[in-house]
>>> print(open('model31.txt').read())   # compact mmCIF, C-alpha atoms
# COMPACT_ATOMS: atom_id res chain seq x y z
CA MET G 1 -2.56 -35.01 -0.45
CA ASN G 2 -5.80 -35.12 1.49
CA ILE G 3 -6.49 -38.08 3.71
CA THR G 4 -10.10 -39.26 3.63
CA ARG G 5 -12.40 -38.58 6.56
CA GLU G 6 -12.79 -42.35 6.99
CA ASP G 7 -9.01 -42.77 7.32
CA LYS G 8 -8.89 -39.97 9.89
CA LYS G 9 -11.81 -41.47 11.78
CA ALA G 10 -10.12 -44.89 11.93
CA GLU G 11 -6.98 -43.22 13.26
CA ALA G 12 -9.02 -41.19 15.77
CA ILE G 13 -10.64 -44.38 17.10
CA GLU G 14 -7.22 -45.98 17.52
CA ARG G 15 -6.05 -42.90 19.43
CA MET G 16 -9.12 -43.05 21.66
CA LYS G 17 -8.32 -46.69 22.41
CA LEU G 18 -4.72 -45.73 23.14
CA LEU G 19 -6.00 -43.19 25.65
CA ASP G 20 -8.37 -45.82 27.10
CA ILE G 21 -11.36 -43.55 26.51
CA PHE G 22 -14.66 -44.82 27.91
CA ALA G 23 -16.00 -47.41 25.45
CA GLU G 24 -19.43 -45.80 25.05
CA THR G 25 -17.79 -42.46 24.18
CA ARG G 26 -15.72 -44.20 21.49
CA LYS G 27 -18.80 -45.98 20.12
CA GLN G 28 -20.79 -42.74 19.92
CA PHE G 29 -17.97 -41.12 17.96
CA GLU G 30 -17.58 -44.12 15.67
CA ARG G 31 -21.28 -44.71 15.09
CA ASP G 32 -22.79 -41.21 15.22
CA ASP G 33 -19.86 -38.75 14.84
CA TYR G 34 -20.49 -37.36 18.34
CA VAL G 35 -17.55 -35.33 19.60
CA SER G 36 -17.42 -35.41 23.39
CA ILE G 37 -16.11 -32.80 25.78
CA SER G 38 -14.43 -34.00 28.96
CA GLU G 39 -15.78 -31.55 31.56
CA PRO G 40 -14.23 -30.62 34.89
CA PRO G 41 -14.18 -31.21 37.75
CA VAL G 42 -14.27 -35.01 37.30
CA GLY G 43 -13.83 -35.25 33.52
CA ALA G 44 -17.20 -36.76 32.67
CA PHE G 45 -18.02 -36.76 28.94
CA PHE G 46 -20.77 -34.64 27.41
CA TRP G 47 -21.55 -34.23 23.72
CA ALA G 48 -20.48 -31.05 22.01
CA GLU G 49 -23.59 -29.14 21.01
CA GLY G 50 -24.65 -25.69 19.82
CA GLU G 51 -21.85 -23.12 19.57
CA ASP G 52 -19.25 -25.63 20.78
CA LEU G 53 -20.07 -28.05 17.98
CA GLN G 54 -20.26 -25.26 15.41
CA ARG G 55 -16.80 -24.02 16.46
CA ILE G 56 -15.38 -27.55 16.23
CA ARG G 57 -16.85 -28.12 12.75
CA GLU G 58 -15.49 -24.77 11.52
CA PHE G 59 -12.04 -25.66 12.86
CA GLU G 60 -12.22 -29.04 11.11
CA GLU G 61 -13.22 -27.44 7.81
CA ASN G 62 -10.65 -24.63 7.98
CA ARG G 63 -7.76 -26.95 8.91
CA ASN G 64 -8.88 -30.13 7.13
CA VAL G 65 -8.68 -32.14 10.36
CA LEU G 66 -10.99 -34.38 12.38
CA VAL G 67 -11.58 -33.52 16.04
CA TYR G 68 -12.26 -36.63 18.11
CA LEU G 69 -12.24 -35.30 21.66
CA VAL G 70 -12.22 -32.01 23.56
CA ILE G 71 -10.73 -31.46 27.01
CA ARG G 72 -12.23 -28.45 28.77
CA SER G 73 -10.39 -26.62 31.53
CA TYR G 74 -10.77 -23.46 33.54
CA THR G 75 -7.53 -21.57 34.05
CA THR G 76 -6.33 -18.17 35.21
CA PHE G 77 -6.41 -17.29 31.50
CA GLY G 78 -10.06 -18.31 31.21
CA LYS G 79 -12.09 -21.20 29.86
CA MET G 80 -10.07 -23.35 27.45
CA ASP G 81 -10.96 -26.21 25.12
CA CYS G 82 -8.16 -28.49 23.92
CA TYR G 83 -9.12 -30.08 20.60
CA LEU G 84 -7.53 -33.49 20.07
CA TYR G 85 -7.58 -34.05 16.33
CA VAL G 86 -6.22 -36.11 13.45
CA SER G 87 -4.43 -34.03 10.84
CA ASP G 88 -4.14 -34.42 7.10
CA HIS G 89 -0.45 -35.33 7.51
CA ARG G 90 -0.20 -39.10 7.81
CA ASP G 91 3.57 -38.82 8.23
CA GLU G 92 2.95 -37.11 11.61
CA TRP G 93 0.54 -39.72 12.98
CA GLU G 94 3.20 -41.98 14.52
CA GLN G 95 4.63 -39.04 16.48
CA ASP G 96 1.12 -37.98 17.47
CA ARG G 97 0.52 -41.46 18.93
CA GLU G 98 3.81 -41.30 20.83
CA ASP G 99 2.84 -37.92 22.24
CA LEU G 100 -0.48 -39.39 23.40
CA LYS G 101 1.31 -42.34 25.05
CA ASN G 102 3.44 -39.79 26.91
CA ARG G 103 0.27 -37.83 27.79
CA GLU G 104 1.66 -34.73 26.03
CA PRO G 105 -0.37 -34.32 22.83
CA LEU G 106 -0.20 -31.48 20.36
CA CYS G 107 -3.65 -29.93 20.19
CA TYR G 108 -5.46 -26.75 19.30
CA VAL G 109 -6.43 -24.76 22.37
CA TYR G 110 -9.47 -22.55 21.94
CA ASN G 111 -9.64 -19.73 24.48
CA HIS G 112 -13.30 -18.84 25.10
CA ASP G 113 -12.48 -15.60 26.93
CA MET G 114 -9.82 -14.37 24.49
CA PRO G 115 -10.41 -16.14 21.14
CA ASP G 116 -7.57 -14.18 19.53
CA CYS G 117 -5.18 -15.95 21.91
CA SER G 118 -6.22 -19.44 20.74
CA GLU G 119 -3.25 -21.46 19.48
CA PHE G 120 -1.65 -24.81 18.74
CA GLY G 121 0.57 -26.30 21.42
CA CYS G 122 1.37 -29.29 23.58
CA VAL G 123 -0.52 -29.86 26.81
CA GLY G 124 -0.26 -32.37 29.64
CA ILE G 125 -3.23 -34.68 30.13
CA GLU G 126 -4.25 -37.45 32.51
CA LYS G 127 -7.19 -39.76 33.16
CA THR G 128 -9.85 -38.67 35.62
CA CYS G 129 -11.93 -40.62 38.14
CA ALA G 130 -14.84 -40.49 35.67
CA ALA G 131 -12.77 -42.17 32.89
CA GLY G 132 -12.37 -38.86 31.08
CA LEU G 133 -9.35 -36.65 30.57
CA CYS G 134 -8.15 -33.46 32.20
CA ARG G 135 -5.46 -30.99 31.30
CA THR G 136 -2.59 -30.87 33.79
CA TRP G 137 -0.47 -28.12 32.19
>>> encode(input="model31.txt", output="structure tokens")
Amino acid sequence: MNITREDKKAEAIERMKLLDIFAETRKQFERDDYVSISEPPVGAFFWAEGEDLQRIREFEENRNVLVYLVIRSYTTFGKMDCYLYVSDHRDEWEQDREDLKNREPLCYVYNHDMPDCSEFGCVGIEKTCAAGLCRTW
């Protein structure tokens, strides 16, 4: 059963509040559907645009999910984007919220340098000095 985009968006906003995401970033997502990328080194938020936004929208369409935030990191494996999203499986949402509280969410990690190595998995996250998020592992 498909969950409506509005239901997913309401859940995404609750998750953003749970993560204590900068209020203006939440408002921009809620009001204008802007997906923000938390950029290193300080985790400041910038809107996803161009190829980044196109890739996010394709992922949403292919997986029937709603991406609400992206955490960008630069690793020894290359440039990575962790997509935090709300799935079509309402029965998983409670666990997803628990994972966020523990700062260990399940996400989709897009590998810019080796797209074929992109995958789903859990990552560690924490708040940054700029009220954004960064990946810790």
>>> residues_around(input="model31.txt", residues="G:Tyr108", least_positions_apart="2", cutoff="6 Å", atoms="only C-alpha atoms", output="number ranges by chain")
G: 82-83, 119-120
>>> closest_residue(input="model31.txt", among="G:Lys27, G:Asn64, G:His112, G:Glu51", to="G:His89", atoms="only C-alpha atoms")
G:Asn64
>>> residues_around(input="model31.txt", residues="G:Glu60", least_positions_apart="2", cutoff="12 Å", atoms="all atoms listed in the file", output="list in words")
Arg5, Lys8, Val35, Leu53, Gln54, Arg55, Ile56, Arg57, Glu58, Asn62, Arg63, Asn64, Val65, Leu66, Val67, Tyr68, Tyr83, Leu84, Tyr85, Val86, Ser87, Asp88 and Tyr108 of chain G
>>> residues_around(input="model31.txt", residues="stretch 127-137 of chain G", least_positions_apart="3", cutoff="9 Å", atoms="all atoms listed in the file", output="list in words")
Leu19, Asp20, Ile21, Phe22, Ile37, Ser38, Glu39, Pro40, Pro41, Val42, Gly43, Ala44, Phe45, Val70, Ile71, Arg72, Ser73, Cys82, Cys122, Val123 and Gly124 of chain G
>>> write_last_selection(input="model31.txt", atoms="C-alpha atoms", output="PDB file, keeping the file's coordinate frame")
ATOM      1  CA  LEU G  19      -6.000 -43.190  25.650  1.00  0.00           C
ATOM      2  CA  ASP G  20      -8.370 -45.820  27.100  1.00  0.00           C
ATOM      3  CA  ILE G  21     -11.360 -43.550  26.510  1.00  0.00           C
ATOM      4  CA  PHE G  22     -14.660 -44.820  27.910  1.00  0.00           C
ATOM      5  CA  ILE G  37     -16.110 -32.800  25.780  1.00  0.00           C
ATOM      6  CA  SER G  38     -14.430 -34.000  28.960  1.00  0.00           C
ATOM      7  CA  GLU G  39     -15.780 -31.550  31.560  1.00  0.00           C
ATOM      8  CA  PRO G  40     -14.230 -30.620  34.890  1.00  0.00           C
ATOM      9  CA  PRO G  41     -14.180 -31.210  37.750  1.00  0.00           C
ATOM     10  CA  VAL G  42     -14.270 -35.010  37.300  1.00  0.00           C
ATOM     11  CA  GLY G  43     -13.830 -35.250  33.520  1.00  0.00           C
ATOM     12  CA  ALA G  44     -17.200 -36.760  32.670  1.00  0.00           C
ATOM     13  CA  PHE G  45     -18.020 -36.760  28.940  1.00  0.00           C
ATOM     14  CA  VAL G  70     -12.220 -32.010  23.560  1.00  0.00           C
ATOM     15  CA  ILE G  71     -10.730 -31.460  27.010  1.00  0.00           C
ATOM     16  CA  ARG G  72     -12.230 -28.450  28.770  1.00  0.00           C
ATOM     17  CA  SER G  73     -10.390 -26.620  31.530  1.00  0.00           C
ATOM     18  CA  CYS G  82      -8.160 -28.490  23.920  1.00  0.00           C
ATOM     19  CA  CYS G 122       1.370 -29.290  23.580  1.00  0.00           C
ATOM     20  CA  VAL G 123      -0.520 -29.860  26.810  1.00  0.00           C
ATOM     21  CA  GLY G 124      -0.260 -32.370  29.640  1.00  0.00           C
TER      22      GLY G 124
END
>>> residues_around(input="model31.txt", residues="G:Gly121", least_positions_apart="6", cutoff="9 Å", atoms="all atoms listed in the file", output="list in words")
Pro105, Leu106, Cys107, Tyr108 and Val109 of chain G
>>> axis_aligned_box(input="model31.txt", around="stretch 18-22 of chain G", padding_each_side="3 Å", output="AutoDock Vina command-line options")
--center_x -9.7 --center_y -44.5 --center_z 25.5 --size_x 15.9 --size_y 8.6 --size_z 10.8
>>> atom_distance(input="model31.txt", atom1="atom CA of G:Tyr34", atom2="atom CA of G:Asp81")
16.2 Å
>>> closest_residue(input="model31.txt", among="G:Ala23, G:Met80, G:Leu69, G:Met16", to="G:Ser118", atoms="only C-alpha atoms")
G:Met80
>>> atom_distance(input="model31.txt", atom1="atom CA of G:Met114", atom2="atom CA of G:Gly50")
19.2 Å
>>> atom_distance(input="model31.txt", atom1="atom CA of G:Asp32", atom2="atom CA of G:Asp99")
26.8 Å
>>> closest_residue(input="model31.txt", among="G:Glu24, G:Glu126, G:Asp33, G:Glu49", to="G:Arg103", atoms="all atoms listed in the file")
G:Glu126
>>> decode(input="model31.txt", residues="stretch 70-81 of chain G", atoms="all heavy atoms", output="mmCIF file, in the first residue's frame")
data_model
loop_
_atom_site.group_PDB
_atom_site.id
_atom_site.type_symbol
_atom_site.label_atom_id
_atom_site.label_comp_id
_atom_site.auth_asym_id
_atom_site.auth_seq_id
_atom_site.Cartn_x
_atom_site.Cartn_y
_atom_site.Cartn_z
ATOM 1 N N VAL G 70 20.054 15.582 3.062
ATOM 2 C CA VAL G 70 21.235 14.887 2.552
ATOM 3 C C VAL G 70 22.428 15.318 3.395
ATOM 4 O O VAL G 70 22.585 16.507 3.692
ATOM 5 C CB VAL G 70 21.484 15.220 1.068
ATOM 6 C CG1 VAL G 70 22.759 14.557 0.565
ATOM 7 C CG2 VAL G 70 20.288 14.809 0.217
ATOM 8 N N ILE G 71 23.243 14.357 3.779
ATOM 9 C CA ILE G 71 24.478 14.635 4.513
ATOM 10 C C ILE G 71 25.637 14.283 3.595
ATOM 11 O O ILE G 71 25.813 13.119 3.224
ATOM 12 C CB ILE G 71 24.567 13.810 5.808
ATOM 13 C CG1 ILE G 71 23.352 14.056 6.691
ATOM 14 C CG2 ILE G 71 25.876 14.136 6.552
ATOM 15 C CD1 ILE G 71 23.218 13.085 7.843
ATOM 16 N N ARG G 72 26.393 15.285 3.219
ATOM 17 C CA ARG G 72 27.529 15.073 2.305
ATOM 18 C C ARG G 72 28.797 14.849 3.125
ATOM 19 O O ARG G 72 29.008 15.475 4.160
ATOM 20 C CB ARG G 72 27.691 16.285 1.398
ATOM 21 C CG ARG G 72 28.862 16.159 0.427
ATOM 22 C CD ARG G 72 28.721 17.093 -0.740
ATOM 23 N NE ARG G 72 27.663 16.582 -1.621
ATOM 24 C CZ ARG G 72 27.041 17.320 -2.535
ATOM 25 N NH1 ARG G 72 27.358 18.583 -2.707
ATOM 26 N NH2 ARG G 72 26.095 16.791 -3.297
ATOM 27 N N SER G 73 29.634 13.934 2.636
ATOM 28 C CA SER G 73 30.923 13.695 3.286
ATOM 29 C C SER G 73 31.957 13.346 2.231
ATOM 30 O O SER G 73 31.626 12.923 1.125
ATOM 31 C CB SER G 73 30.812 12.584 4.336
ATOM 32 O OG SER G 73 30.341 11.385 3.756
ATOM 33 N N TYR G 74 33.194 13.564 2.604
ATOM 34 C CA TYR G 74 34.324 13.242 1.739
ATOM 35 C C TYR G 74 35.156 12.203 2.479
ATOM 36 O O TYR G 74 35.636 12.451 3.578
ATOM 37 C CB TYR G 74 35.139 14.500 1.421
ATOM 38 C CG TYR G 74 34.327 15.504 0.638
ATOM 39 C CD1 TYR G 74 33.563 16.473 1.283
ATOM 40 C CD2 TYR G 74 34.282 15.454 -0.751
ATOM 41 C CE1 TYR G 74 32.796 17.381 0.567
ATOM 42 C CE2 TYR G 74 33.513 16.356 -1.481
ATOM 43 C CZ TYR G 74 32.782 17.311 -0.816
ATOM 44 O OH TYR G 74 32.007 18.196 -1.527
ATOM 45 N N THR G 75 35.290 11.030 1.872
ATOM 46 C CA THR G 75 35.939 9.904 2.529
ATOM 47 C C THR G 75 37.079 9.384 1.659
ATOM 48 O O THR G 75 37.279 9.858 0.532
ATOM 49 C CB THR G 75 34.926 8.758 2.743
ATOM 50 O OG1 THR G 75 34.639 8.142 1.473
ATOM 51 C CG2 THR G 75 33.625 9.260 3.360
ATOM 52 N N THR G 76 37.781 8.388 2.167
ATOM 53 C CA THR G 76 38.829 7.755 1.362
ATOM 54 C C THR G 76 38.226 7.016 0.176
ATOM 55 O O THR G 76 38.938 6.692 -0.771
ATOM 56 C CB THR G 76 39.654 6.772 2.217
ATOM 57 O OG1 THR G 76 38.771 5.827 2.810
ATOM 58 C CG2 THR G 76 40.423 7.501 3.307
ATOM 59 N N PHE G 77 36.917 6.763 0.234
ATOM 60 C CA PHE G 77 36.221 6.109 -0.878
ATOM 61 C C PHE G 77 35.617 7.118 -1.839
ATOM 62 O O PHE G 77 34.955 6.752 -2.798
ATOM 63 C CB PHE G 77 35.123 5.180 -0.360
ATOM 64 C CG PHE G 77 35.640 4.088 0.510
ATOM 65 C CD1 PHE G 77 35.410 4.118 1.881
ATOM 66 C CD2 PHE G 77 36.371 3.038 -0.017
ATOM 67 C CE1 PHE G 77 35.895 3.115 2.698
ATOM 68 C CE2 PHE G 77 36.859 2.037 0.794
ATOM 69 C CZ PHE G 77 36.626 2.073 2.156
ATOM 70 N N GLY G 78 35.769 8.409 -1.549
ATOM 71 C CA GLY G 78 35.248 9.448 -2.418
ATOM 72 C C GLY G 78 34.155 10.275 -1.777
ATOM 73 O O GLY G 78 33.883 10.181 -0.586
ATOM 74 N N LYS G 79 33.528 11.077 -2.607
ATOM 75 C CA LYS G 79 32.444 11.968 -2.178
ATOM 76 C C LYS G 79 31.163 11.153 -2.028
ATOM 77 O O LYS G 79 30.756 10.448 -2.958
ATOM 78 C CB LYS G 79 32.273 13.056 -3.234
ATOM 79 C CG LYS G 79 31.185 14.066 -2.967
ATOM 80 C CD LYS G 79 31.182 15.088 -4.118
ATOM 81 C CE LYS G 79 30.014 15.983 -4.096
ATOM 82 N NZ LYS G 79 30.023 16.923 -5.236
ATOM 83 N N MET G 80 30.536 11.263 -0.845
ATOM 84 C CA MET G 80 29.345 10.475 -0.534
ATOM 85 C C MET G 80 28.208 11.385 -0.095
ATOM 86 O O MET G 80 28.428 12.360 0.615
ATOM 87 C CB MET G 80 29.620 9.523 0.624
ATOM 88 C CG MET G 80 30.821 8.654 0.464
ATOM 89 S SD MET G 80 30.415 7.205 -0.463
ATOM 90 C CE MET G 80 31.835 6.208 -0.111
ATOM 91 N N ASP G 81 26.995 11.033 -0.525
ATOM 92 C CA ASP G 81 25.783 11.708 -0.070
ATOM 93 C C ASP G 81 24.888 10.689 0.616
ATOM 94 O O ASP G 81 24.509 9.680 0.001
ATOM 95 C CB ASP G 81 25.013 12.323 -1.238
ATOM 96 C CG ASP G 81 25.621 13.607 -1.746
ATOM 97 O OD1 ASP G 81 26.524 14.159 -1.077
ATOM 98 O OD2 ASP G 81 25.193 14.069 -2.820
#
